[in-house]
file my_file.txt (compact mmCIF, C-alpha atoms)
# COMPACT_ATOMS: atom_id res chain seq x y z
CA GLU A 1 -25.55 -18.23 9.88
CA VAL A 2 -29.09 -16.92 9.46
CA PHE A 3 -29.15 -16.20 13.19
CA TYR A 4 -25.94 -14.15 12.94
CA ASN A 5 -27.32 -12.19 10.01
CA VAL A 6 -30.50 -11.37 11.95
CA ILE A 7 -28.43 -10.13 14.91
CA TYR A 8 -26.29 -7.97 12.60
CA TYR A 9 -29.41 -6.50 11.04
CA LEU A 10 -30.92 -5.70 14.43
CA LEU A 11 -27.73 -4.10 15.69
CA ASN A 12 -27.31 -1.93 12.62
CA ASN A 13 -30.89 -0.73 12.85
CA MET A 14 -30.79 -0.29 16.62
CA SER A 15 -27.78 1.97 16.13
CA SER A 16 -29.62 4.35 13.80
CA THR A 17 -32.85 4.15 15.83
CA PHE A 18 -31.12 4.98 19.10
CA ASN A 19 -29.29 7.94 17.61
CA SER A 20 -32.30 9.40 15.83
CA ASN A 21 -35.06 8.75 18.38
CA TRP A 22 -33.30 8.91 21.75
CA CYS A 23 -30.36 11.23 21.17
CA GLY A 24 -31.99 13.93 19.10
CA GLY A 25 -30.25 12.68 15.98
CA LYS A 26 -26.80 13.17 17.54
CA ASP A 27 -24.17 10.46 17.62
CA HIS A 28 -22.90 10.17 21.19
CA GLY A 29 -20.32 7.56 20.35
CA PHE A 30 -21.82 4.54 22.12
CA PHE A 31 -23.94 3.28 19.25
CA ASN A 32 -21.75 4.59 16.44
CA GLN A 33 -19.81 2.34 14.06
CA ASN A 34 -22.88 -0.01 14.00
CA ARG A 35 -22.15 -3.47 15.39
CA ARG A 36 -18.51 -2.91 16.36
CA ASN A 37 -19.20 -1.00 19.57
CA PHE A 38 -21.80 -3.48 20.73
CA LEU A 39 -19.25 -6.27 20.36
CA SER A 40 -16.50 -4.31 22.07
CA VAL A 41 -18.59 -3.99 25.25
CA GLY A 42 -19.56 -7.65 25.21
CA PHE A 43 -23.15 -7.22 24.08
CA LEU A 44 -23.21 -10.40 22.01
CA SER A 45 -21.74 -12.47 24.83
CA THR A 46 -25.16 -12.30 26.45
CA LEU A 47 -26.43 -14.21 23.43
CA GLY A 48 -23.75 -16.88 23.72
CA ILE A 49 -21.71 -15.55 20.80
CA SER A 50 -17.96 -15.14 21.33
CA LEU A 51 -15.93 -12.35 19.78
CA ASN A 52 -13.71 -14.89 18.02
CA GLU A 53 -16.79 -16.43 16.41
CA VAL A 54 -17.90 -13.05 15.15
CA LEU A 55 -14.45 -12.23 13.78
CA ALA A 56 -14.33 -15.60 12.05
CA LEU A 57 -17.71 -14.87 10.50
CA GLU A 58 -16.44 -11.50 9.30
CA SER A 59 -13.41 -13.12 7.65
CA LYS A 60 -15.50 -14.37 4.74
CA SER A 61 -15.33 -11.39 2.40
CA THR A 62 -17.72 -11.32 -0.52
CA LEU A 63 -16.22 -8.25 -2.20
CA PRO A 64 -15.35 -8.64 -5.88
CA VAL A 65 -11.62 -8.71 -6.62
CA LYS A 66 -10.57 -6.04 -9.11
CA ALA A 67 -6.88 -5.88 -8.19
CA LYS A 68 -5.13 -9.23 -7.84
CA SER A 69 -1.88 -7.45 -6.99
CA VAL A 70 -0.65 -4.01 -5.96
CA ILE A 71 2.59 -2.22 -6.84
CA ASN A 72 3.02 0.57 -4.31
CA ILE A 73 5.67 3.02 -5.50
CA PHE A 74 6.66 5.14 -2.52
CA LEU A 75 8.68 8.33 -3.09
CA PRO A 76 10.16 9.16 0.34
CA GLY A 77 10.77 12.69 1.51
CA GLY A 78 7.65 14.40 0.25
CA MET A 79 7.39 14.86 -3.51
CA ALA A 80 6.46 18.38 -4.60
CA HIS A 81 3.07 18.28 -6.30
CA GLN A 82 3.85 21.60 -8.04
CA GLU A 83 6.91 20.08 -9.73
CA SER A 84 5.21 16.86 -10.74
CA TRP A 85 1.48 16.08 -11.06
CA ASP A 86 -0.03 19.51 -10.36
CA PRO A 87 2.00 22.38 -11.83
CA LYS A 88 0.53 25.83 -11.17
CA ILE A 89 1.02 27.23 -14.63
CA TYR A 90 -0.87 30.49 -14.00
CA ALA A 91 0.38 31.24 -10.48
CA PRO A 92 2.96 33.96 -9.71
CA ILE A 93 6.55 32.78 -10.10
CA GLU A 94 7.14 32.51 -6.33
CA TYR A 95 4.37 29.87 -6.23
CA ARG A 96 4.79 28.41 -9.71
CA GLY A 97 8.45 27.68 -9.09
CA PRO A 98 11.44 27.54 -11.44
CA LEU A 99 10.28 24.69 -13.70
CA GLY A 100 7.88 24.63 -16.61
CA SER A 101 5.08 22.25 -17.57
CA ILE A 102 3.92 20.27 -20.58
CA PRO A 103 0.44 19.29 -21.80
CA THR A 104 -0.67 15.69 -21.41
CA VAL A 105 -2.87 13.65 -23.73
CA ILE A 106 -5.81 14.72 -21.55
CA PRO A 107 -6.99 18.12 -22.82
CA GLY A 108 -6.27 20.92 -20.37
CA VAL A 109 -4.17 18.79 -18.02
CA HIS A 110 -0.47 19.57 -17.57
CA PHE A 111 2.35 17.72 -15.81
CA SER A 112 5.88 18.81 -14.99
CA GLU A 113 8.22 19.44 -17.89
CA ASN A 114 10.27 16.54 -16.49
CA MET A 115 7.46 14.05 -17.07
CA PRO A 116 7.11 13.90 -20.87
CA MET A 117 6.69 10.11 -21.03
CA THR A 118 4.08 10.02 -18.28
CA ALA A 119 2.23 12.85 -20.03
CA LYS A 120 1.80 10.54 -23.02
CA ILE A 121 0.13 7.80 -20.95
CA ALA A 122 -2.02 10.10 -18.80
CA ASP A 123 -5.11 8.63 -20.45
CA LYS A 124 -4.32 5.30 -18.77
CA ILE A 125 -4.08 6.57 -15.18
CA THR A 126 -5.85 8.61 -12.50
CA VAL A 127 -4.14 11.55 -10.83
CA VAL A 128 -5.44 12.66 -7.44
CA ARG A 129 -4.66 16.35 -6.88
CA SER A 130 -6.51 16.64 -3.57
CA MET A 131 -4.79 14.15 -1.26
CA THR A 132 -4.74 15.54 2.27
CA HIS A 133 -3.87 14.85 5.90
CA GLY A 134 -2.49 16.84 8.82
CA GLU A 135 0.94 15.35 9.54
CA ALA A 136 3.90 17.55 8.57
CA ALA A 137 6.65 15.35 10.11
CA HIS A 138 8.23 12.71 7.86
CA GLU A 139 7.68 9.84 10.28
CA ARG A 140 4.02 10.64 10.92
CA GLY A 141 3.24 11.31 7.28
CA THR A 142 4.93 8.07 6.27
CA HIS A 143 2.95 6.19 8.92
CA ASN A 144 -0.26 7.53 7.38
CA MET A 145 0.64 6.46 3.87
CA MET A 146 2.03 3.04 4.85
CA THR A 147 -0.74 1.98 7.23
CA GLY A 148 -3.83 4.08 6.48
CA TYR A 149 -3.89 5.20 10.11
CA LYS A 150 -2.83 8.26 12.04
CA PRO A 151 0.00 7.41 14.46
CA SER A 152 -1.14 6.34 17.91
CA PRO A 153 0.82 5.82 21.14
CA ALA A 154 -1.52 2.96 22.03
CA VAL A 155 -1.43 0.78 18.91
CA THR A 156 1.25 -0.08 16.36
CA TYR A 157 -0.63 -0.51 13.10
CA PRO A 158 0.31 -2.95 10.33
CA SER A 159 1.27 -1.80 6.86
CA PHE A 160 -0.87 -2.37 3.80
CA GLY A 161 1.43 -5.16 2.69
CA SER A 162 1.25 -7.01 5.99
CA VAL A 163 -2.54 -6.78 6.11
CA VAL A 164 -2.71 -8.12 2.55
CA SER A 165 -0.32 -10.93 3.50
CA HIS A 166 -2.48 -11.76 6.52
CA GLU A 167 -5.73 -11.71 4.59
CA LEU A 168 -4.75 -13.26 1.26
CA GLY A 169 -1.68 -15.38 1.97
CA VAL A 170 0.85 -16.97 -0.36
CA ARG A 171 0.19 -17.52 -4.05
CA ASN A 172 2.39 -19.66 -6.30
CA ASN A 173 4.98 -20.21 -3.54
CA ILE A 174 6.19 -16.62 -3.78
CA PRO A 175 6.10 -14.23 -0.80
CA PRO A 176 2.84 -12.27 -0.74
CA TYR A 177 4.56 -9.05 0.41
CA ILE A 178 7.90 -7.99 -1.04
CA LEU A 179 9.99 -4.88 -0.44
CA ILE A 180 12.24 -3.48 -3.19
CA PRO A 181 15.01 -3.01 -2.34
CA SER A 182 14.44 -3.23 1.45
CA LEU A 183 12.25 -2.14 4.35
CA PRO A 184 11.93 1.63 3.76
CA THR A 185 10.65 2.39 7.26
CA GLU A 186 9.43 0.59 10.36
CA PHE A 187 5.91 1.62 9.32
CA ALA A 188 6.10 -0.83 6.42
CA GLY A 189 6.16 -3.64 8.98
CA THR A 190 3.62 -5.89 10.66
CA GLY A 191 2.50 -3.65 13.53
CA TYR A 192 0.26 -5.62 15.91
CA LEU A 193 0.09 -8.58 13.51
CA SER A 194 2.41 -11.56 13.81
CA LYS A 195 5.92 -11.19 12.39
CA MET A 196 5.08 -14.02 10.00
CA TYR A 197 3.36 -11.37 7.84
CA SER A 198 6.54 -9.34 7.40
CA GLY A 199 7.61 -8.24 3.95
CA PHE A 200 10.38 -10.12 2.15
CA SER A 201 13.23 -7.62 1.73
CA LEU A 202 15.56 -8.11 -1.20
CA ASN A 203 18.39 -6.19 0.49
CA ALA A 204 19.86 -5.62 -2.94
CA ASP A 205 19.24 -3.15 -5.74
CA PRO A 206 18.34 -4.80 -9.07
CA ALA A 207 20.06 -1.93 -10.87
CA GLN A 208 23.46 -2.93 -9.47
CA ALA A 209 25.86 -5.01 -11.49
CA GLY A 210 25.79 -8.64 -10.39
CA TYR A 211 22.48 -8.22 -8.64
CA LYS A 212 21.36 -11.37 -6.86
CA VAL A 213 18.84 -12.02 -4.13
CA GLN A 214 20.53 -13.86 -1.28
CA ASP A 215 19.55 -17.33 -0.10
CA LEU A 216 17.40 -18.36 -3.06
CA SER A 217 19.69 -21.27 -3.99
CA PHE A 218 20.88 -24.39 -2.19
CA PRO A 219 24.02 -23.83 -0.09
CA ALA A 220 27.26 -25.35 -1.34
CA GLY A 221 27.29 -29.10 -0.88
CA VAL A 222 23.52 -29.39 -0.46
CA ASP A 223 21.53 -31.13 -3.19
CA SER A 224 17.76 -31.57 -3.44
CA LYS A 225 17.79 -34.90 -1.51
CA ARG A 226 19.76 -33.44 1.39
CA PHE A 227 17.56 -30.35 1.28
CA THR A 228 14.44 -32.51 1.72
CA THR A 229 16.04 -34.40 4.64
CA ARG A 230 16.95 -31.17 6.43
CA LYS A 231 13.45 -29.85 5.92
CA SER A 232 11.95 -33.00 7.46
CA MET A 233 14.28 -32.79 10.48
CA LEU A 234 13.43 -29.13 11.05
CA GLU A 235 9.70 -29.84 10.86
CA THR A 236 10.08 -32.49 13.57
CA VAL A 237 11.88 -30.06 15.87
CA ASN A 238 9.38 -27.28 15.15
CA ASP A 239 6.43 -29.56 15.90
CA HIS A 240 7.89 -30.31 19.33
CA PHE A 241 8.49 -26.69 20.25
CA SER A 242 5.12 -25.61 18.90
CA SER A 243 3.42 -28.12 21.18
CA VAL A 244 4.94 -26.52 24.30
CA ASN A 245 5.28 -22.89 23.28
CA SER A 246 2.91 -20.63 21.37
CA ASP A 247 5.22 -17.59 21.31
CA ASP A 248 4.76 -15.43 18.20
CA ARG A 249 8.48 -15.39 17.52
CA LEU A 250 8.52 -19.18 17.27
CA ASN A 251 5.43 -19.25 15.06
CA ALA A 252 6.88 -16.52 12.86
CA SER A 253 10.19 -18.34 12.59
CA ASP A 254 8.43 -21.54 11.60
CA SER A 255 6.43 -19.63 9.00
CA PHE A 256 9.59 -18.00 7.61
CA TYR A 257 11.30 -21.37 7.23
CA GLN A 258 8.27 -22.89 5.52
CA LYS A 259 8.00 -20.02 3.08
CA ALA A 260 11.73 -20.15 2.42
CA TYR A 261 11.59 -23.89 1.70
CA ASN A 262 8.67 -23.39 -0.65
CA LEU A 263 10.46 -20.57 -2.43
CA ILE A 264 13.78 -22.40 -2.77
CA GLY A 265 11.98 -25.52 -3.93
CA SER A 266 10.06 -23.69 -6.67
CA ASN A 267 12.05 -22.94 -9.78
CA SER A 268 9.34 -20.70 -11.20
CA ALA A 269 9.18 -18.64 -7.99
CA LYS A 270 12.95 -18.22 -7.86
CA ALA A 271 13.00 -17.24 -11.51
CA ALA A 272 10.75 -14.25 -10.79
CA PHE A 273 13.66 -12.56 -9.00
CA ASP A 274 16.08 -13.10 -11.88
CA ILE A 275 15.86 -9.83 -13.76
CA GLU A 276 18.74 -10.90 -16.01
CA THR A 277 16.31 -13.08 -17.96
CA GLU A 278 14.42 -10.01 -19.18
CA PRO A 279 15.18 -8.97 -22.78
CA SER A 280 17.91 -6.36 -22.88
CA ALA A 281 15.75 -4.05 -24.98
CA LEU A 282 12.98 -4.05 -22.38
CA ARG A 283 15.45 -3.30 -19.59
CA ASP A 284 16.59 -0.32 -21.63
CA ILE A 285 13.01 0.89 -22.06
CA TYR A 286 12.53 0.89 -18.30
CA GLY A 287 15.94 2.52 -17.81
CA ARG A 288 19.20 1.05 -16.55
CA ASN A 289 18.93 2.82 -13.23
CA ALA A 290 17.37 2.36 -9.79
CA ALA A 291 13.89 3.52 -10.84
CA GLY A 292 13.79 1.45 -14.02
CA GLN A 293 15.09 -1.84 -12.71
CA ARG A 294 13.11 -1.69 -9.46
CA LEU A 295 9.84 -1.20 -11.33
CA LEU A 296 10.71 -3.88 -13.87
CA LEU A 297 11.40 -6.33 -11.05
CA ALA A 298 8.10 -5.34 -9.41
CA ARG A 299 6.28 -6.26 -12.62
CA ARG A 300 8.04 -9.64 -12.70
CA LEU A 301 7.06 -10.35 -9.10
CA VAL A 302 3.35 -9.56 -9.46
CA GLU A 303 3.33 -11.54 -12.68
CA ALA A 304 4.70 -14.50 -10.71
CA GLY A 305 2.08 -14.19 -7.97
CA THR A 306 3.20 -11.65 -5.38
CA ARG A 307 0.19 -9.80 -4.01
CA PHE A 308 1.78 -6.58 -2.74
CA VAL A 309 5.12 -5.03 -3.74
CA THR A 310 6.40 -1.84 -2.13
CA VAL A 311 9.03 -0.12 -4.26
CA THR A 312 11.00 2.78 -2.77
CA TYR A 313 12.77 5.23 -5.05
CA GLY A 314 14.66 8.48 -4.65
CA GLY A 315 14.83 11.19 -2.02
CA TRP A 316 12.30 14.01 -2.40
CA ASP A 317 12.92 16.16 0.69
CA MET A 318 13.97 19.18 -1.36
CA HIS A 319 14.23 22.15 0.99
CA ASP A 320 17.01 23.63 -1.14
CA ASN A 321 17.41 24.13 -4.91
CA ILE A 322 14.35 22.14 -5.89
CA ALA A 323 14.96 22.67 -9.60
CA SER A 324 18.22 20.71 -9.47
CA GLY A 325 16.75 18.05 -7.20
CA ILE A 326 13.78 17.41 -9.45
CA LYS A 327 15.94 17.24 -12.57
CA ASN A 328 18.13 14.64 -10.88
CA GLN A 329 15.27 12.43 -9.67
CA LEU A 330 12.17 12.82 -11.80
CA PRO A 331 13.29 11.95 -15.36
CA ASN A 332 14.32 8.40 -14.39
CA PHE A 333 11.05 7.90 -12.55
CA ASP A 334 9.11 9.31 -15.50
CA GLN A 335 10.71 6.84 -17.90
CA ALA A 336 10.27 3.86 -15.58
CA TYR A 337 6.70 4.60 -14.57
CA ALA A 338 5.49 5.13 -18.13
CA ALA A 339 7.25 1.91 -19.18
CA LEU A 340 5.61 -0.02 -16.34
CA ILE A 341 2.10 1.14 -17.22
CA LYS A 342 2.56 0.32 -20.90
CA ASP A 343 4.22 -3.01 -20.14
CA LEU A 344 1.41 -4.09 -17.83
CA GLU A 345 -1.17 -3.08 -20.40
CA GLN A 346 0.57 -4.95 -23.22
CA ARG A 347 0.70 -8.10 -21.09
CA GLY A 348 -2.98 -7.85 -20.22
CA MET A 349 -2.10 -7.25 -16.55
CA LEU A 350 -3.00 -3.60 -16.00
CA ASP A 351 -6.70 -4.16 -15.34
CA GLU A 352 -5.86 -6.58 -12.51
CA THR A 353 -2.81 -4.79 -11.08
CA LEU A 354 -3.24 -1.63 -9.03
CA VAL A 355 -0.25 0.72 -9.35
CA MET A 356 0.02 3.42 -6.70
CA VAL A 357 2.48 6.34 -6.61
CA THR A 358 2.54 7.96 -3.20
CA SER A 359 4.65 10.15 -0.93
CA GLU A 360 4.22 11.16 2.70
CA PHE A 361 3.11 14.71 1.87
CA GLY A 362 3.66 17.54 -0.61
CA ARG A 363 5.66 20.77 -0.45
CA THR A 364 4.84 24.33 0.57
CA PRO A 365 2.99 26.53 -1.94
CA LYS A 366 5.68 29.19 -1.93
CA ILE A 367 9.34 28.76 -2.85
CA ASN A 368 11.49 29.39 0.23
CA ALA A 369 14.63 31.51 0.69
CA THR A 370 16.90 28.65 -0.41
CA ALA A 371 15.02 27.99 -3.67
CA GLY A 372 13.26 24.91 -2.28
CA ARG A 373 9.96 23.97 -0.70
CA ASP A 374 9.22 22.77 2.83
CA HIS A 375 6.80 20.14 4.24
CA TRP A 376 3.12 20.53 3.36
CA PRO A 377 0.47 17.86 4.14
CA SER A 378 -2.62 20.01 3.56
CA VAL A 379 -2.77 19.06 -0.11
CA TYR A 380 -0.60 17.02 -2.45
CA SER A 381 -0.85 14.59 -5.33
CA ILE A 382 -0.74 10.84 -5.84
CA ALA A 383 -1.34 8.67 -8.91
CA LEU A 384 -3.33 5.45 -9.32
CA ALA A 385 -3.66 3.13 -12.28
CA GLY A 386 -5.17 -0.23 -13.20
CA GLY A 387 -6.91 -2.65 -10.85
CA GLY A 388 -10.38 -1.14 -11.14
CA ILE A 389 -9.31 2.53 -11.27
CA LYS A 390 -10.61 4.98 -13.87
CA LYS A 391 -8.42 5.86 -16.84
CA GLY A 392 -7.69 9.40 -17.99
CA TYR A 393 -9.17 10.97 -14.89
CA VAL A 394 -8.09 13.78 -12.53
CA HIS A 395 -9.70 13.51 -9.13
CA GLY A 396 -10.12 16.73 -7.16
CA SER A 397 -7.95 19.80 -7.36
CA SER A 398 -5.85 22.09 -5.24
CA ASP A 399 -6.42 25.83 -5.14
CA SER A 400 -4.68 28.30 -7.45
CA VAL A 401 -1.40 28.22 -5.51
CA GLY A 402 -1.46 24.57 -4.40
CA ALA A 403 -2.12 25.32 -0.74
CA GLN A 404 -5.44 23.59 0.04
CA PRO A 405 -7.87 21.16 -1.59
CA ASP A 406 -10.24 23.11 -3.81
CA ASN A 407 -12.69 20.26 -4.27
CA ASP A 408 -13.13 16.53 -3.64
CA PRO A 409 -10.43 16.08 -0.97
CA LEU A 410 -9.20 12.50 -0.59
CA THR A 411 -8.31 11.37 2.91
CA VAL A 412 -5.85 8.64 3.83
CA GLU A 413 -8.70 6.60 5.30
CA ASN A 414 -10.78 6.76 2.12
CA LEU A 415 -7.78 5.91 -0.03
CA SER A 416 -7.08 2.91 2.20
CA ALA A 417 -10.67 1.68 2.11
CA THR A 418 -10.63 1.96 -1.68
CA VAL A 419 -7.39 0.00 -2.07
CA TYR A 420 -8.46 -2.81 0.25
CA SER A 421 -11.88 -3.07 -1.38
CA LEU A 422 -10.34 -3.38 -4.82
CA MET A 423 -8.32 -6.33 -3.51
CA GLY A 424 -11.47 -7.98 -2.16
CA ILE A 425 -10.64 -7.19 1.48
CA ASP A 426 -13.40 -5.69 3.61
CA PRO A 427 -11.95 -2.48 5.10
CA ASP A 428 -14.42 -2.72 8.00
CA LYS A 429 -13.19 -6.13 9.03
CA ARG A 430 -11.51 -6.21 12.44
CA LEU A 431 -8.22 -7.91 13.24
CA MET A 432 -7.06 -8.89 16.70
CA THR A 433 -4.15 -7.27 18.54
CA PRO A 434 -1.99 -9.44 20.86
CA ASP A 435 -4.03 -8.19 23.83
CA ALA A 436 -7.26 -9.42 22.17
CA ARG A 437 -8.42 -6.00 21.10
CA PRO A 438 -10.34 -5.90 17.80
CA VAL A 439 -9.14 -3.15 15.45
CA SER A 440 -10.70 -2.29 12.10
CA ILE A 441 -8.47 -2.63 9.06
CA VAL A 442 -9.58 0.92 8.19
CA TYR A 443 -11.15 3.26 10.70
CA ASN A 444 -13.86 5.67 9.55
CA GLY A 445 -13.08 5.38 5.84
CA HIS A 446 -15.23 4.67 2.80
CA VAL A 447 -14.61 3.65 -0.78
CA GLU A 448 -14.12 6.67 -3.04
CA LYS A 449 -16.43 5.57 -5.83
CA ASP A 450 -15.43 8.43 -8.13
CA LEU A 451 -12.03 6.73 -8.49
CA LEU A 452 -13.49 3.47 -9.73
CA SER A 453 -13.86 2.49 -13.37

call {"tool": "encode", "arguments": {"input": "my_file.txt", "output": "structure tokens"}}
result
Amino acid sequence: EVFYNVIYYLLNNMSSTFNSNWCGGKDHGFFNQNRRNFLSVGFLSTLGISLNEVLALESKSTLPVKAKSVINIFLPGGMAHQESWDPKIYAPIEYRGPLGSIPTVIPGVHFSENMPMTAKIADKITVVRSMTHGEAAHERGTHNMMTGYKPSPAVTYPSFGSVVSHELGVRNNIPPYILIPSLPTEFAGTGYLSKMYSGFSLNADPAQAGYKVQDLSFPAGVDSKRFTTRKSMLETVNDHFSSVNSDDRLNASDSFYQKAYNLIGSNSAKAAFDIETEPSALRDIYGRNAAGQRLLLARRLVEAGTRFVTVTYGGWDMHDNIASGIKNQLPNFDQAYAALIKDLEQRGMLDETLVMVTSEFGRTPKINATAGRDHWPSVYSIALAGGGIKKGYVHGSSDSVGAQPDNDPLTVENLSATVYSLMGIDPDKRLMTPDARPVSIVYNGHVEKDLLS
């Protein structure tokens, strides 16, 4: 181990020495990214060190864990920052839009008039008003926000949840990555990782009457003894096939069965999905609607041990009549989100649970001819809370009409590096693609320290 550390030190310093002394201080790409490029061209093989050995060495992260779990609330369609987190109260009406704003508990900070409950808990969260990327298409913007990577024709990248599942694994017999109510997009999948790191989709909305997650109970006529016998028989068959076939689909299937058996066999894990056991009064506080019950279920799941929950809510692609669209969508979210933050805090869970509110991009600065706003990735807003994030903080700003970052822009890569680091995952660590290509969990990103508490 000492030998490896010496090699790492030499490579890191050779990188900076080569660039500064031999290239006139310019980075010509060969020695950039410190040790990664040496390894990719086989440099360490001359020392008798295999790439797999190096990757195994890298797998031992020493980062402190601030966020034991993440609730990622994704608002698909592109939520208008002007009608939510970043109202332009002094802009001309064609930029300000048809809706008003209200002051929050943070002096000088306003939110949309449709976010009165969130305004009251603004001192518990961070709002980023300078999120930015360059993808104006829904699919590409969603890819950015689900994976931390720009889309590439060469590599299919894994989602945050799948990377977390791969790196941290199962806790308390409950799936490490859960999707409420279902897979919102292909970009929330496993990418180049094995399918065994897929998210567990509920395929049911907890707000619906008679809500029940399928396949969490024994089938009719099967008791615990018969269940154990079937499990033993399946393990025997799987062991045989695994010995003659290493196909990812077989390995993934075996992993799915094992996780399913563990989940069905654990009463406490199954109970986490049973939202009916929550006090009626608390369900009312969250709201008896899609936003409220999805976020309440997310809290139950992270409390039970899930590491990463992606919650999808609403449709925010409001090209027409944005005033009506916002009034139909935002109040329910406002109630549910504020309830979630307060509930986590009261349970002593907020400081170890990172809550993210994201969307694929924002909306155009100027109201269009149909009283809506169009796609705009240049600047938009997200919200973060708990899990090592500052409280009562606004990071960055957009300009006077919400068109560009005015200061402290936050990139997708830096957001990703920050999230992974808070979970104790090294964002520079490399994972292997099926064709044995090492790919960094985050490329060219760094932790945004101003966001940290």

call {"tool": "atom_distance", "arguments": {"input": "my_file.txt", "atom1": "atom CA of Ile73 of chain A", "atom2": "atom CA of Ser359 of chain A"}}
result
8.5 Å

call {"tool": "residues_around", "arguments": {"input": "my_file.txt", "residues": "segment 440-448 of chain A", "least_positions_apart": "3", "cutoff": "6 Å", "atoms": "all atoms listed in the file", "output": "ChimeraX atom specification"}}
result
/A:413-414,417-418,427-430,451

call {"tool": "atom_distance", "arguments": {"input": "my_file.txt", "atom1": "atom CA of Phe187 of chain A", "atom2": "atom CA of Thr142 of chain A"}}
result
7.2 Å

call {"tool": "closest_residue", "arguments": {"input": "my_file.txt", "among": "A:Ala204, A:Ile326, A:Ala272, A:Ile174", "to": "Leu99 of chain A", "atoms": "only C-alpha atoms"}}
result
A:Ile326

call {"tool": "atom_distance", "arguments": {"input": "my_file.txt", "atom1": "atom CA of Arg140 of chain A", "atom2": "atom CA of Leu193 of chain A"}}
result
19.8 Å

call {"tool": "closest_residue", "arguments": {"input": "my_file.txt", "among": "A:Met196, A:Ala122, A:Leu168, A:Val127", "to": "Met356 of chain A", "atoms": "only C-alpha atoms"}}
result
A:Val127

call {"tool": "residues_around", "arguments": {"input": "my_file.txt", "residues": "Ala338 of chain A", "least_positions_apart": "2", "cutoff": "7 Å", "atoms": "only C-alpha atoms", "output": "PyMOL selection string"}}
result
chain A and resi 117-118+121+334-336+340-342

call {"tool": "write_last_selection", "arguments": {"input": "my_file.txt", "atoms": "C-alpha atoms", "output": "compact mmCIF listing (two decimals), keeping the file's coordinate frame"}}
result
# COMPACT_ATOMS: atom_id res chain seq x y z
CA MET A 117 6.69 10.11 -21.03
CA THR A 118 4.08 10.02 -18.28
CA ILE A 121 0.13 7.80 -20.95
CA ASP A 334 9.11 9.31 -15.50
CA GLN A 335 10.71 6.84 -17.90
CA ALA A 336 10.27 3.86 -15.58
CA LEU A 340 5.61 -0.02 -16.34
CA ILE A 341 2.10 1.14 -17.22
CA LYS A 342 2.56 0.32 -20.90

call {"tool": "closest_residue", "arguments": {"input": "my_file.txt", "among": "A:Val401, A:Met131, A:Ala436, A:Ala67", "to": "Leu452 of chain A", "atoms": "all atoms listed in the file"}}
result
A:Ala67

call {"tool": "axis_aligned_box", "arguments": {"input": "my_file.txt", "around": "segment 367-373 of chain A", "padding_each_side": "8 Å", "output": "JSON"}}
result
{"center_x": 13.1, "center_y": 27.7, "center_z": -1.5, "size_x": 23.6, "size_y": 23.5, "size_z": 20.4}

call {"tool": "closest_residue", "arguments": {"input": "my_file.txt", "among": "A:Ala371, A:Val164, A:Met432, A:Ile125", "to": "Glu345 of chain A", "atoms": "all atoms listed in the file"}}
result
A:Ile125

call {"tool": "closest_atom_pairs", "arguments": {"input": "my_file.txt", "of": "segment 61-136 of chain A", "to": "segment 376-398 of chain A", "cutoff": "7 Å", "atoms": "all atoms listed in the file", "output": "Markdown table"}}
result
| residue | atom | partner | partner_atom | distance |
| --- | --- | --- | --- | --- |
| A:Lys66 | CA | A:Gly387 | CA | 5.3 |
| A:Ala67 | CA | A:Gly387 | CA | 4.2 |
| A:His81 | CA | A:Tyr380 | CA | 5.5 |
| A:Trp85 | CA | A:Ser381 | CA | 6.4 |
| A:Ile106 | CA | A:Gly392 | CA | 6.7 |
| A:Ala122 | CA | A:Gly392 | CA | 5.8 |
| A:Asp123 | CA | A:Gly392 | CA | 3.6 |
| A:Lys124 | CA | A:Lys391 | CA | 4.6 |
| A:Ile125 | CA | A:Ala385 | CA | 4.5 |
| A:Thr126 | CA | A:Tyr393 | CA | 4.7 |
| A:Val127 | CA | A:Ala383 | CA | 4.5 |
| A:Val128 | CA | A:His395 | CA | 4.7 |
| A:Arg129 | CA | A:Ser381 | CA | 4.5 |
| A:Ser130 | CA | A:Gly396 | CA | 5.1 |
| A:Met131 | CA | A:Tyr380 | CA | 5.2 |
| A:Thr132 | CA | A:Val379 | CA | 4.7 |
| A:His133 | CA | A:Pro377 | CA | 5.6 |
| A:Gly134 | CA | A:Pro377 | CA | 5.6 |
| A:Glu135 | CA | A:Pro377 | CA | 6.0 |
| A:Ala136 | CA | A:Pro377 | CA | 5.6 |

call {"tool": "write_last_selection", "arguments": {"input": "my_file.txt", "atoms": "C-alpha atoms", "output": "compact mmCIF listing (two decimals), in the frame of the given file"}}
result
# COMPACT_ATOMS: atom_id res chain seq x y z
CA LYS A 66 -10.57 -6.04 -9.11
CA ALA A 67 -6.88 -5.88 -8.19
CA HIS A 81 3.07 18.28 -6.30
CA TRP A 85 1.48 16.08 -11.06
CA ILE A 106 -5.81 14.72 -21.55
CA ALA A 122 -2.02 10.10 -18.80
CA ASP A 123 -5.11 8.63 -20.45
CA LYS A 124 -4.32 5.30 -18.77
CA ILE A 125 -4.08 6.57 -15.18
CA THR A 126 -5.85 8.61 -12.50
CA VAL A 127 -4.14 11.55 -10.83
CA VAL A 128 -5.44 12.66 -7.44
CA ARG A 129 -4.66 16.35 -6.88
CA SER A 130 -6.51 16.64 -3.57
CA MET A 131 -4.79 14.15 -1.26
CA THR A 132 -4.74 15.54 2.27
CA HIS A 133 -3.87 14.85 5.90
CA GLY A 134 -2.49 16.84 8.82
CA GLU A 135 0.94 15.35 9.54
CA ALA A 136 3.90 17.55 8.57
